[in-house]
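What's in start-v2.txt: compact mmCIF, C-alpha atoms
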```
# COMPACT_ATOMS: atom_id res chain seq x y z
CA MET A 1480 -4.33 17.44 42.72
CA THR A 1481 -3.83 16.00 39.29
CA GLY A 1482 -1.51 18.70 37.98
CA GLY A 1483 1.74 16.79 38.60
CA ASP A 1484 0.40 13.62 37.08
CA ALA A 1485 -0.83 15.37 33.95
CA GLY A 1486 2.55 17.08 33.60
CA GLY A 1487 4.33 13.73 33.85
CA ARG A 1488 2.15 12.28 31.10
CA LEU A 1489 2.95 15.14 28.84
CA VAL A 1490 6.68 14.80 29.28
CA ARG A 1491 7.15 11.07 29.24
CA PRO A 1492 6.52 10.28 25.54
CA PHE A 1493 9.17 12.77 24.48
CA THR A 1494 11.82 11.01 26.55
CA LEU A 1495 11.13 7.83 24.56
CA THR A 1496 12.30 9.48 21.37
CA GLY A 1497 15.36 11.12 22.84
CA GLY A 1498 13.59 14.43 23.26
CA ARG A 1499 12.44 14.67 19.67
CA THR A 1500 8.77 14.66 18.88
CA ARG A 1501 7.73 11.87 16.61
CA PRO A 1502 7.18 13.05 13.05
CA SER A 1503 3.52 13.71 12.66
CA ARG A 1504 1.55 11.66 10.18
CA ALA A 1505 0.24 15.02 9.02
CA ASP A 1506 3.73 15.59 7.55
CA PHE A 1507 2.75 13.23 4.75
CA THR A 1508 0.13 14.18 2.19
CA LEU A 1509 -0.68 12.03 -0.85
CA ILE A 1510 1.75 14.05 -2.97
CA THR A 1511 4.51 14.60 -0.44
CA THR A 1512 7.68 13.46 -2.21
CA VAL A 1513 9.86 11.03 -0.28
CA THR A 1514 13.47 10.18 -1.12
CA ALA A 1515 15.80 7.64 0.50
CA VAL A 1516 18.86 9.21 2.10
CA ASP A 1517 22.02 8.00 0.40
CA PRO A 1518 24.17 6.77 2.00
CA GLN A 1519 21.84 5.40 4.67
CA PRO A 1520 22.70 6.35 8.27
CA VAL A 1521 25.00 3.68 9.72
CA ARG A 1522 23.84 3.88 13.29
CA ALA A 1523 20.10 3.62 12.66
CA ALA A 1524 18.26 0.50 13.77
CA ARG A 1525 17.97 -2.31 11.22
CA PRO A 1526 14.94 -1.62 9.03
CA GLN A 1527 12.14 -4.14 8.80
CA PRO A 1528 11.20 -5.80 5.46
CA GLU A 1529 8.37 -3.34 4.69
CA HIS A 1530 10.69 -0.45 5.48
CA LEU A 1531 13.29 -1.90 3.10
CA ARG A 1532 10.72 -2.21 0.33
CA ILE A 1533 9.85 1.46 0.77
CA LEU A 1534 13.53 2.46 0.76
CA ARG A 1535 14.05 0.62 -2.53
CA LEU A 1536 11.00 2.35 -4.02
CA CYS A 1537 12.15 5.80 -3.03
CA ALA A 1538 15.76 5.48 -4.17
CA ARG A 1539 14.53 8.19 -6.55
CA PRO A 1540 11.96 10.77 -5.41
CA VAL A 1541 8.44 9.34 -5.34
CA ALA A 1542 5.05 10.52 -4.03
CA VAL A 1543 3.47 8.93 -0.96
CA ALA A 1544 0.41 7.84 -2.99
CA GLU A 1545 2.68 6.06 -5.43
CA VAL A 1546 4.52 4.22 -2.66
CA ALA A 1547 1.17 3.01 -1.31
CA ALA A 1548 -0.07 1.89 -4.73
CA ARG A 1549 3.14 0.06 -5.62
CA LEU A 1550 3.26 -1.73 -2.27
CA ASP A 1551 -0.49 -2.42 -2.42
CA LEU A 1552 -0.89 -1.00 1.07
CA PRO A 1553 -3.37 1.61 2.34
CA VAL A 1554 -1.95 5.14 2.46
CA SER A 1555 -2.67 5.29 6.19
CA VAL A 1556 -0.36 2.31 6.78
CA VAL A 1557 2.37 3.60 4.47
CA VAL A 1558 2.35 6.94 6.28
CA ILE A 1559 3.12 5.19 9.58
CA LEU A 1560 6.03 3.31 7.99
CA LEU A 1561 7.28 6.53 6.40
CA SER A 1562 7.12 8.25 9.79
CA ASP A 1563 9.42 5.52 11.14
CA LEU A 1564 11.86 6.02 8.28
CA LEU A 1565 11.82 9.81 8.62
CA GLU A 1566 12.43 9.48 12.34
CA ALA A 1567 15.38 7.15 11.68
CA GLY A 1568 16.87 9.67 9.25
CA ARG A 1569 16.54 7.21 6.36
CA ILE A 1570 14.33 9.35 4.13
CA THR A 1571 13.70 13.00 3.43
CA ALA A 1572 10.17 14.30 2.81
CA ARG A 1573 9.35 17.25 0.61
CA PRO A 1574 5.92 18.78 1.13
CA PRO A 1575 3.85 19.58 -1.97
CA HIS A 1576 3.90 23.00 -3.56
CA LEU A 1577 1.82 25.35 -1.46
CA VAL A 1578 -1.20 26.45 -3.46
CA THR A 1579 -2.99 29.55 -2.25
CA ARG A 1580 -5.92 31.23 -3.98
CA ALA A 1581 -5.03 34.62 -2.54
CA ASN A 1582 -1.51 34.61 -3.93
CA PRO A 1583 -1.35 32.38 -7.01
CA ASP A 1584 2.04 31.40 -8.41
CA LEU A 1585 1.88 32.54 -12.04
CA ASP A 1586 5.30 31.12 -12.84
CA LEU A 1587 4.22 27.67 -11.64
CA LEU A 1588 0.94 27.84 -13.58
CA GLN A 1589 2.81 28.81 -16.73
CA LYS A 1590 5.18 25.86 -16.28
CA VAL A 1591 2.25 23.47 -15.92
CA ARG A 1592 0.60 25.06 -18.97
CA ASP A 1593 3.75 24.64 -21.06
CA GLY A 1594 4.26 21.08 -19.86
CA LEU A 1595 0.70 20.09 -20.79
CA GLY A 1596 1.16 21.76 -24.17
CA ARG A 1597 4.07 19.39 -24.87
CA LEU A 1598 1.97 16.26 -24.26
CA MET B 186 40.45 22.06 -0.65
CA ALA B 187 38.31 23.48 -3.42
CA GLY B 188 38.73 20.23 -5.32
CA SER B 189 37.46 18.08 -2.50
CA ASP B 190 34.52 20.45 -2.00
CA ARG B 191 33.59 20.02 -5.64
CA ALA B 192 33.91 16.28 -5.36
CA ALA B 193 31.64 16.30 -2.32
CA GLU B 194 29.13 18.44 -4.18
CA ALA B 195 29.16 16.11 -7.17
CA ARG B 196 28.63 13.11 -4.92
CA THR B 197 25.68 14.76 -3.22
CA ALA B 198 24.17 15.68 -6.55
CA THR B 199 24.31 12.17 -7.95
CA ALA B 200 23.56 10.35 -4.72
CA ARG B 201 20.50 12.33 -3.81
CA PRO B 202 18.42 13.46 -6.77
CA SER B 203 16.57 16.54 -5.65
CA ALA B 204 12.86 15.99 -5.11
CA PRO B 205 10.61 17.74 -7.63
CA ASP B 206 7.84 20.14 -6.71
CA ALA B 207 4.47 18.36 -6.72
CA VAL B 208 1.06 19.77 -7.60
CA LYS B 209 -2.29 18.07 -8.16
CA ILE B 210 -5.52 18.45 -10.07
CA LEU B 211 -8.69 16.56 -9.14
CA ILE B 212 -10.82 14.76 -11.70
CA ALA B 213 -14.31 14.65 -10.21
CA GLY B 214 -17.85 13.76 -11.23
CA GLY B 215 -20.48 11.14 -10.64
CA PHE B 216 -19.94 7.41 -10.42
CA GLY B 217 -18.83 5.85 -13.71
CA VAL B 218 -18.55 9.13 -15.60
CA GLY B 219 -15.05 8.38 -16.95
CA LYS B 220 -12.73 9.84 -14.30
CA THR B 221 -10.22 7.00 -14.33
CA THR B 222 -10.40 6.89 -18.12
CA MET B 223 -9.37 10.55 -18.26
CA VAL B 224 -6.58 10.05 -15.72
CA GLY B 225 -5.31 7.11 -17.77
CA SER B 226 -5.43 8.87 -21.11
CA VAL B 227 -3.07 11.68 -20.08
CA SER B 228 -0.97 9.97 -17.39
CA GLU B 229 2.55 8.83 -18.27
CA ILE B 230 1.98 5.72 -16.15
CA ALA B 231 -0.97 3.34 -16.09
CA PRO B 232 -3.36 4.70 -13.43
CA LEU B 233 -2.37 3.55 -9.97
CA ARG B 234 -4.87 2.64 -7.30
CA THR B 235 -4.71 2.86 -3.56
CA GLU B 236 -7.34 1.21 -1.41
CA GLU B 237 -8.11 2.68 1.95
CA PRO B 238 -10.06 0.60 4.46
CA LEU B 239 -12.99 2.50 5.91
CA THR B 240 -13.50 2.60 9.62
CA ALA B 241 -16.35 4.17 11.54
CA ALA B 242 -13.87 6.69 12.92
CA GLY B 243 -13.35 8.18 9.52
CA LEU B 244 -17.01 8.61 8.79
CA ASP B 245 -19.78 10.94 9.76
CA VAL B 246 -22.72 9.13 11.28
CA ASP B 247 -24.79 9.73 8.15
CA ASP B 248 -22.13 8.16 5.97
CA LEU B 249 -22.52 4.85 7.76
CA ALA B 250 -26.00 4.35 6.36
CA GLY B 251 -25.94 1.39 4.04
CA ILE B 252 -22.43 0.18 4.77
CA GLU B 253 -22.77 -0.97 8.38
CA GLU B 254 -23.06 -4.55 7.15
CA LYS B 255 -19.82 -4.42 5.22
CA ARG B 256 -16.95 -4.07 7.63
CA ALA B 257 -14.29 -4.60 4.99
CA THR B 258 -15.42 -1.69 2.82
CA THR B 259 -12.60 0.11 1.11
CA VAL B 260 -12.55 3.30 -0.86
CA ALA B 261 -10.39 3.29 -3.96
CA LEU B 262 -8.46 6.23 -5.30
CA ASP B 263 -7.09 6.18 -8.84
CA PHE B 264 -4.35 8.54 -9.84
CA GLY B 265 -1.82 9.27 -12.54
CA ARG B 266 1.27 11.36 -13.06
CA ILE B 267 2.56 13.85 -15.63
CA THR B 268 6.19 14.89 -15.29
CA ILE B 269 6.30 18.54 -16.32
CA GLY B 270 10.05 18.76 -15.96
CA ARG B 271 12.85 17.68 -13.67
CA GLU B 272 11.56 20.09 -11.04
CA LEU B 273 7.81 19.72 -11.35
CA VAL B 274 5.37 16.80 -11.33
CA LEU B 275 1.61 17.03 -11.79
CA TYR B 276 -0.59 14.37 -10.19
CA LEU B 277 -4.15 13.72 -11.28
CA PHE B 278 -6.50 12.23 -8.72
CA GLY B 279 -9.83 10.71 -9.64
CA THR B 280 -12.15 11.41 -6.71
CA PRO B 281 -14.28 8.56 -5.36
CA GLY B 282 -17.60 8.77 -7.20
CA GLN B 283 -20.03 7.39 -4.66
CA GLN B 284 -21.60 10.08 -2.51
CA ARG B 285 -20.94 8.25 0.74
CA PHE B 286 -17.19 8.62 0.22
CA TRP B 287 -17.31 12.36 -0.05
CA PHE B 288 -15.69 12.97 3.27
CA MET B 289 -12.47 12.06 1.44
CA TRP B 290 -12.93 14.91 -0.99
CA ASN B 291 -12.09 17.51 1.63
CA ASP B 292 -8.67 15.98 2.21
CA LEU B 293 -8.11 15.57 -1.52
CA ALA B 294 -9.08 19.15 -2.26
CA ILE B 295 -6.51 20.64 0.10
CA GLY B 296 -3.64 22.03 -1.94
CA ALA B 297 -5.19 21.19 -5.32
CA LEU B 298 -4.65 23.66 -8.16
CA GLY B 299 -8.23 23.05 -9.25
CA ALA B 300 -10.58 20.42 -10.60
CA VAL B 301 -12.15 19.01 -13.71
CA VAL B 302 -15.78 17.98 -13.20
CA LEU B 303 -16.69 15.35 -15.75
CA VAL B 304 -20.30 15.22 -16.86
CA ASP B 305 -21.98 12.30 -18.62
CA VAL B 306 -24.34 13.72 -21.27
CA ARG B 307 -26.80 10.89 -20.62
CA ARG B 308 -27.10 11.65 -16.90
CA PRO B 309 -25.68 15.09 -16.06
CA GLU B 310 -27.46 15.08 -12.67
CA SER B 311 -24.90 12.55 -11.38
CA SER B 312 -22.31 15.35 -11.42
CA PHE B 313 -24.45 18.09 -9.82
CA ALA B 314 -23.10 17.31 -6.36
CA ALA B 315 -19.48 17.54 -7.55
CA ILE B 316 -20.15 20.98 -9.06
CA ASP B 317 -21.75 22.09 -5.78
CA PHE B 318 -18.76 20.83 -3.81
CA PHE B 319 -16.21 22.94 -5.69
CA GLU B 320 -18.50 25.98 -6.01
CA ARG B 321 -19.17 26.10 -2.27
CA ARG B 322 -15.47 25.88 -1.42
CA GLY B 323 -14.37 28.38 -4.04
CA ILE B 324 -12.13 25.78 -5.73
CA PRO B 325 -11.61 26.64 -9.41
CA PHE B 326 -12.96 24.07 -11.86
CA VAL B 327 -13.91 23.49 -15.48
CA VAL B 328 -16.63 21.16 -16.71
CA GLY B 329 -15.69 18.45 -19.20
CA VAL B 330 -18.67 16.93 -20.97
CA ASN B 331 -17.63 13.37 -21.72
CA GLY B 332 -19.50 12.23 -24.83
CA PHE B 333 -20.79 8.68 -24.91
CA HIS B 334 -18.59 6.99 -27.53
CA GLY B 335 -17.26 10.47 -28.21
CA ARG B 336 -20.63 11.74 -29.46
CA HIS B 337 -22.00 15.11 -28.39
CA PRO B 338 -25.72 15.51 -28.99
CA TYR B 339 -25.92 18.84 -27.10
CA PRO B 340 -23.93 22.03 -27.65
CA ALA B 341 -21.83 23.30 -24.74
CA ALA B 342 -24.11 26.33 -24.25
CA GLU B 343 -27.12 24.09 -23.67
CA ILE B 344 -25.26 22.02 -21.09
CA ARG B 345 -24.04 25.17 -19.35
CA GLU B 346 -27.63 26.30 -19.03
CA ALA B 347 -28.80 22.92 -17.77
CA LEU B 348 -26.07 22.94 -15.12
CA ALA B 349 -26.74 26.61 -14.20
CA LEU B 350 -23.02 27.35 -14.29
CA PRO B 351 -21.59 30.81 -13.64
CA GLU B 352 -20.07 32.64 -16.60
CA HIS B 353 -16.42 32.15 -15.59
CA VAL B 354 -16.68 28.34 -15.50
CA GLN B 355 -15.76 26.87 -18.87
CA VAL B 356 -17.69 23.98 -20.41
CA LEU B 357 -15.71 21.77 -22.80
CA LEU B 358 -16.98 18.92 -24.93
CA CYS B 359 -14.43 16.13 -24.62
CA ASP B 360 -13.68 12.47 -25.04
CA ALA B 361 -12.00 11.18 -21.88
CA ARG B 362 -10.50 8.28 -23.87
CA GLU B 363 -8.48 10.65 -26.05
CA ARG B 364 -5.16 11.93 -24.78
CA THR B 365 -5.29 15.27 -26.63
CA SER B 366 -8.93 15.85 -25.70
CA SER B 367 -8.25 15.22 -22.00
CA ARG B 368 -5.09 17.32 -22.19
CA ASP B 369 -7.06 20.23 -23.66
CA VAL B 370 -9.51 20.12 -20.74
CA LEU B 371 -6.57 20.35 -18.31
CA ILE B 372 -5.06 23.22 -20.30
CA ALA B 373 -8.42 25.04 -20.16
CA LEU B 374 -8.37 24.73 -16.38
CA ILE B 375 -4.82 26.10 -16.14
CA ASP B 376 -5.72 28.96 -18.51
CA GLN B 377 -8.69 29.77 -16.29
CA LEU B 378 -6.34 29.86 -13.28
CA ILE B 379 -3.85 32.07 -15.15
CA ASP B 380 -6.65 34.44 -16.22
CA ALA B 381 -7.92 34.66 -12.65
CA ALA B 382 -4.39 35.30 -11.35
CA THR B 383 -3.55 38.00 -13.89
CA GLY B 384 -7.00 39.54 -13.48
CA ALA B 385 -6.48 39.70 -9.72
CA ALA B 386 -3.04 41.27 -10.21
CA ALA B 387 -4.43 43.89 -12.61
CA SER B 388 -7.28 44.99 -10.35
```
Let me see the structure of the file written as structure tokens.
Amino acid sequence: MTGGDAGGRLVRPFTLTGGRTRPSRADFTLITTVTAVDPQPVRAARPQPEHLRILRLCARPVAVAEVAARLDLPVSVVVILLSDLLEAGRITARPPHLVTRANPDLDLLQKVRDGLGRL
Amino acid sequence: MAGSDRAAEARTATARPSAPDAVKILIAGGFGVGKTTMVGSVSEIAPLRTEEPLTAAGLDVDDLAGIEEKRATTVALDFGRITIGRELVLYLFGTPGQQRFWFMWNDLAIGALGAVVLVDVRRPESSFAAIDFFERRGIPFVVGVNGFHGRHPYPAAEIREALALPEHVQVLLCDARERTSSRDVLIALIDQLIDAATGAAAS
């Protein structure tokens, strides 16, 4: 029977991350806003140079697409690095505003309208 | 006690600026129609570009036609930003113009408020596919007719007819190089969204 083996495979990766599931890359869209946690967690592993560059960039809130453009790296690569940083508790990630056709946010639309009017 | 709580609050507030809400609008249309120009004319930053390497895994089989010789193909995405306020930022994404990169449009379209389809008066057919894309998915859009050197030889009504657009889709003559002109196209889109939202609430 393969049942036990399959079960073992399912469990094992979670033990590698101390029981937490790794943040999914799907957590990061192009306009997910990332912000460095300040102060940085003391006990986290030493960040690598690319991680440090990202942390400097997101000292203030910045979108994932902007991080990628400023580092001149593909979004797909930046998302992996961001997953590392989120997992280490070094950044927070805010998902974009949820836009639904069925239930439009009039208040939000009006804010955008007013903002564009000021340009 | 209360004093130290306040101090802690103040420290949190300054140390971690709260992330703004983010929304996006797509600027679509055929290759070379002026998408990046429009993004650049209204963006508060010079348009930024990300380059994504293309792998076979990300493509439908059909999309591979013509690029199998070029392994290092990348697809570029230009975008800009408009800060609406401390709590809200609008991003503008120029969609890749070449048809073979359209698989990216689906991802881009998720969570977008709507789209501007730019049309080149000299070759409107290059934007037909973009119009189809948003129509089929029910994504709200307006059409911006980008005049060559700002000139508009055809009235909006004529272009609407040529594009066979439904009544609720606005057609605006614009100049993508001009900030106010591009801004007005975006405002028209938002007004269309507001009208649709209030109309839906009233019915």
Interface residues on chain B facing chain A, 7 Å, all atoms listed in the file, written as a VMD selection string: chain B and resid 200 to 202 204 206 to 208 233 to 237 269 296 to 298 368 372 375 379 382
Skipping near chain neighbours, those fewer than 4 positions away, what residues fall within 10 Å of Ala314 (chain B) using only C-alpha atoms, listed as a short mmCIF file (atom, residue, chain, number, x, y, z; two decimals) with C-alpha atoms, keeping the file's coordinate frame?
```cif
data_model
loop_
_atom_site.label_atom_id
_atom_site.label_comp_id
_atom_site.auth_asym_id
_atom_site.auth_seq_id
_atom_site.Cartn_x
_atom_site.Cartn_y
_atom_site.Cartn_z
CA ALA B 213 -14.31 14.65 -10.21
CA GLY B 214 -17.85 13.76 -11.23
CA GLY B 215 -20.48 11.14 -10.64
CA GLN B 284 -21.60 10.08 -2.51
CA TRP B 287 -17.31 12.36 -0.05
CA GLU B 310 -27.46 15.08 -12.67
CA PHE B 318 -18.76 20.83 -3.81
CA PHE B 319 -16.21 22.94 -5.69
CA GLU B 320 -18.50 25.98 -6.01
#
```
Interatomic distance, CA of Arg271 (chain B) to CA of Asp360 (chain B) (Å, one decimal): 29.3 Å
Ala347 (chain B) environment, 12 Å, only C-alpha atoms, sequence neighbours closer than 3 positions dropped, as a list in words: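 The residues satisfying every condition are Val304, Val306, Arg308, Pro309, Glu310, Ser312, Phe313, Tyr339, Pro340, Ala341, Ala342, Glu343, Ile344, Leu350, Pro351 and Val356 of chain B.
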Please produce a file of the residues just selected, as a PDB file, keeping the file's coordinate frame, where the atoms kept are C-alpha atoms.
```pdb
ATOM      1  CA  VAL B 304     -20.300  15.220 -16.860  1.00  0.00           C
ATOM      2  CA  VAL B 306     -24.340  13.720 -21.270  1.00  0.00           C
ATOM      3  CA  ARG B 308     -27.100  11.650 -16.900  1.00  0.00           C
ATOM      4  CA  PRO B 309     -25.680  15.090 -16.060  1.00  0.00           C
ATOM      5  CA  GLU B 310     -27.460  15.080 -12.670  1.00  0.00           C
ATOM      6  CA  SER B 312     -22.310  15.350 -11.420  1.00  0.00           C
ATOM      7  CA  PHE B 313     -24.450  18.090  -9.820  1.00  0.00           C
ATOM      8  CA  TYR B 339     -25.920  18.840 -27.100  1.00  0.00           C
ATOM      9  CA  PRO B 340     -23.930  22.030 -27.650  1.00  0.00           C
ATOM     10  CA  ALA B 341     -21.830  23.300 -24.740  1.00  0.00           C
ATOM     11  CA  ALA B 342     -24.110  26.330 -24.250  1.00  0.00           C
ATOM     12  CA  GLU B 343     -27.120  24.090 -23.670  1.00  0.00           C
ATOM     13  CA  ILE B 344     -25.260  22.020 -21.090  1.00  0.00           C
ATOM     14  CA  LEU B 350     -23.020  27.350 -14.290  1.00  0.00           C
ATOM     15  CA  PRO B 351     -21.590  30.810 -13.640  1.00  0.00           C
ATOM     16  CA  VAL B 356     -17.690  23.980 -20.410  1.00  0.00           C
TER      17      VAL B 356
END
```
8 Å contact set for Cys359 (chain B), all atoms listed in the file, chain neighbours under 5 positions out, as a list of chain:residue names: B:Gly329, B:Val330, B:Asn331, B:Gly332, B:Gly335, B:Ser366, B:Ser367, B:Val370
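Between CA of Pro205 (chain B) and CA of Thr383 (chain B) the interatomic distance comes to 25.5 Å.
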Two-atom distance - CA of Ala349 (chain B), CA of Val227 (chain B) (Å):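 Spanning CA of Ala349 (chain B) to CA of Val227 (chain B) is a straight-line distance of 28.6 Å.
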